[in-house]
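Peer 1: This is the structure I want to talk about, given as structure tokens.
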Amino acid sequence: MAKILCVDDEPHVVTLKCAILESAGHSVTPCTSAREAIEKLRQNAYDAVVTDWRLGDANGRAIVQAAKDHSSMPVVVVSGYVAEAFQAAAPLADLYLEKPVNPEELVTIVNELLKTGERATSKQDR
């Protein structure tokens with residue numbers, strides 16, 4: 001079970017994404033603003049972040065930056081503005097998915113990124 005931070009400024013969308021990830025066995029923390037997400041990233045350890053790009057108080061780049069500043073956790077951007085997000089300055093998210101996202105695809109991608117991260121961590125620990 002991974003600990004995932006899920007960010008979207010639309011409450012019904014973040015609730016749906018959280019339910020999708022929780023049904024796959026993950027522990028998910030919802031956030032509806034960039035400010036709240038960045039604060040949670042500073043205070044807690046997460047295994048991955050799933051975030052929207054256009055948020056009411058900032059864009060997803062602030063969240064990607066905060067996540068990458070704290071660890072090498074995977075970050076997935078799920079947005080209707082993927083082209084805009086992909087053209088943003090570094091650091092880049094690990095993957096960009098167009099809204100609406102297929103729930104099975106989201107779970108598969110997050111799980112694969114988590115496995116890749118675990119393999120990288122176990123190689124570093126040797």
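Ordering of the structure tokens sets the chain letters (A, B, ...), residue numbers begin anew at 1 in every chain, and ligands are numbered from 1 in the order given.
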Can you check which residues of range 47-111 of chain A DSSP gives as strand (DSSP E) on the backbone and send them as number ranges by chain?
Peer 2: A: 48-51, 75-79, 95-98
Peer 1: Generate the output file for the selected residues, C-alpha atoms, as a short mmCIF file (atom, residue, chain, number, x, y, z; two decimals), in the first residue's frame.
Peer 2:
data_model
loop_
_atom_site.label_atom_id
_atom_site.label_comp_id
_atom_site.auth_asym_id
_atom_site.auth_seq_id
_atom_site.Cartn_x
_atom_site.Cartn_y
_atom_site.Cartn_z
CA ALA A 48 3.62 9.46 -5.07
CA VAL A 49 1.64 12.54 -6.11
CA VAL A 50 -1.26 12.71 -8.55
CA THR A 51 -2.09 16.33 -9.38
CA VAL A 75 4.46 12.67 -9.89
CA VAL A 76 1.60 12.16 -12.32
CA VAL A 77 -0.18 15.20 -13.80
CA VAL A 78 -3.80 14.51 -14.79
CA SER A 79 -5.13 17.55 -16.61
CA LEU A 95 3.89 11.28 -16.60
CA TYR A 96 1.11 13.42 -18.05
CA LEU A 97 -2.43 12.09 -18.58
CA GLU A 98 -5.28 13.87 -20.32
#
Peer 1: Excluding Glu84 in chain A and its own-chain neighbours fewer than 3 positions away, which residues fall within 12 Å of it when counting only C-alpha atoms? Please give them as a ChimeraX atom specification.
Peer 2: /A:52-54,59-61,77-81,87-89,92,96,98
Peer 1: Got time to write the residues from that selection, C-alpha atoms, as a PDB file, in the first residue's frame?
Peer 2:
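Written out: result_3.pdb:
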ATOM      1  CA  ASP A  52      -4.113  18.512 -11.694  1.00  0.00           C
ATOM      2  CA  TRP A  53      -2.213  21.248 -13.548  1.00  0.00           C
ATOM      3  CA  ARG A  54      -4.475  24.276 -13.373  1.00  0.00           C
ATOM      4  CA  ASN A  59      -0.352  25.747 -11.311  1.00  0.00           C
ATOM      5  CA  GLY A  60       0.818  22.189 -10.924  1.00  0.00           C
ATOM      6  CA  ARG A  61       4.448  23.173 -11.437  1.00  0.00           C
ATOM      7  CA  VAL A  77      -0.179  15.199 -13.805  1.00  0.00           C
ATOM      8  CA  VAL A  78      -3.795  14.511 -14.794  1.00  0.00           C
ATOM      9  CA  SER A  79      -5.135  17.553 -16.607  1.00  0.00           C
ATOM     10  CA  GLY A  80      -7.141  18.941 -19.460  1.00  0.00           C
ATOM     11  CA  TYR A  81      -4.078  21.118 -20.126  1.00  0.00           C
ATOM     12  CA  GLN A  87       5.901  22.654 -21.862  1.00  0.00           C
ATOM     13  CA  ALA A  88       6.472  24.057 -18.371  1.00  0.00           C
ATOM     14  CA  ALA A  89       9.969  24.573 -17.051  1.00  0.00           C
ATOM     15  CA  LEU A  92       8.965  17.695 -15.118  1.00  0.00           C
ATOM     16  CA  TYR A  96       1.109  13.423 -18.052  1.00  0.00           C
ATOM     17  CA  GLU A  98      -5.282  13.868 -20.325  1.00  0.00           C
TER      18      GLU A  98
END
Peer 1: At what distance in Å, to one decimal, does CA of Tyr46 in chain A lie from CA of Asp9 in chain A?
Peer 2: 19.5 Å
Peer 1: Within 8 Å of Asp47 in chain A, counting only C-alpha atoms, which residues qualify if same-chain residues fewer than 6 places away don't, as a ChimeraX atom specification?
Peer 2: /A:2-4,73-74,114
Peer 1: When you look at Glu36 in chain A with a cut-off of 12 Å (counting only C-alpha atoms), what residues show up, excluding the ones that are within fewer than 2 positions of it in the same chain? I need them as a PyMOL selection string.
Peer 2: chain A and resi 5-9+29-34+38-44+55-58+62-63+66
Peer 1: May I have the residues from that selection written out with C-alpha atoms, as a CSV table (one decimal), in the first residue's frame?
Peer 2:
chain,number,residue,atom,x,y,z
A,5,LEU,CA,-1.1,12.8,-2.3
A,6,CYS,CA,-4.0,13.6,-4.7
A,7,VAL,CA,-4.5,17.2,-5.7
A,8,ASP,CA,-7.4,18.8,-7.7
A,9,ASP,CA,-9.2,22.1,-7.1
A,29,THR,CA,-4.7,12.2,1.1
A,30,PRO,CA,-6.9,14.7,-0.8
A,31,CYS,CA,-6.0,18.3,-1.4
A,32,THR,CA,-8.0,21.0,-3.2
A,33,SER,CA,-5.3,23.7,-3.4
A,34,ALA,CA,-1.6,24.0,-4.3
A,38,ILE,CA,2.8,21.9,-0.7
A,39,GLU,CA,2.2,22.2,3.1
A,40,LYS,CA,1.3,18.5,3.2
A,41,LEU,CA,4.4,17.6,1.2
A,42,ARG,CA,6.6,19.5,3.7
A,43,GLN,CA,5.0,17.8,6.7
A,44,ASN,CA,4.5,14.2,5.5
A,55,LEU,CA,-5.4,24.9,-9.8
A,56,GLY,CA,-7.2,27.9,-8.3
A,57,ASP,CA,-4.2,29.3,-6.4
A,58,ALA,CA,-1.2,28.1,-8.5
A,62,ALA,CA,4.6,24.4,-7.8
A,63,ILE,CA,3.4,20.9,-6.7
A,66,ALA,CA,7.7,20.7,-4.0
Peer 1: Give me the residues within 6 Å of His26 in chain A as an MDAnalysis selection string, counting only C-alpha atoms and dropping any in the same chain fewer than 2 places off.
Peer 2: chainID A and resid 1:2 21:22 24
Peer 1: Could you tell me how far CA of Phe86 in chain A sits from CA of Ala19 in chain A, in Å to one decimal place?
Peer 2: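 These two atoms are separated by 26.1 Å.
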Peer 1: Mind pulling up the distance from CA of Gln65 in chain A to CA of Pro103 in chain A?
Peer 2: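 Computing it gives 25.3 Å between the two atoms.
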Peer 1: If you run DSSP over the backbone, which residues in chain A end up helix (DSSP H, G or I)? Put them as a ChimeraX atom specification.
Peer 2: /A:11-23,34-43,60-70,82-86,103-125
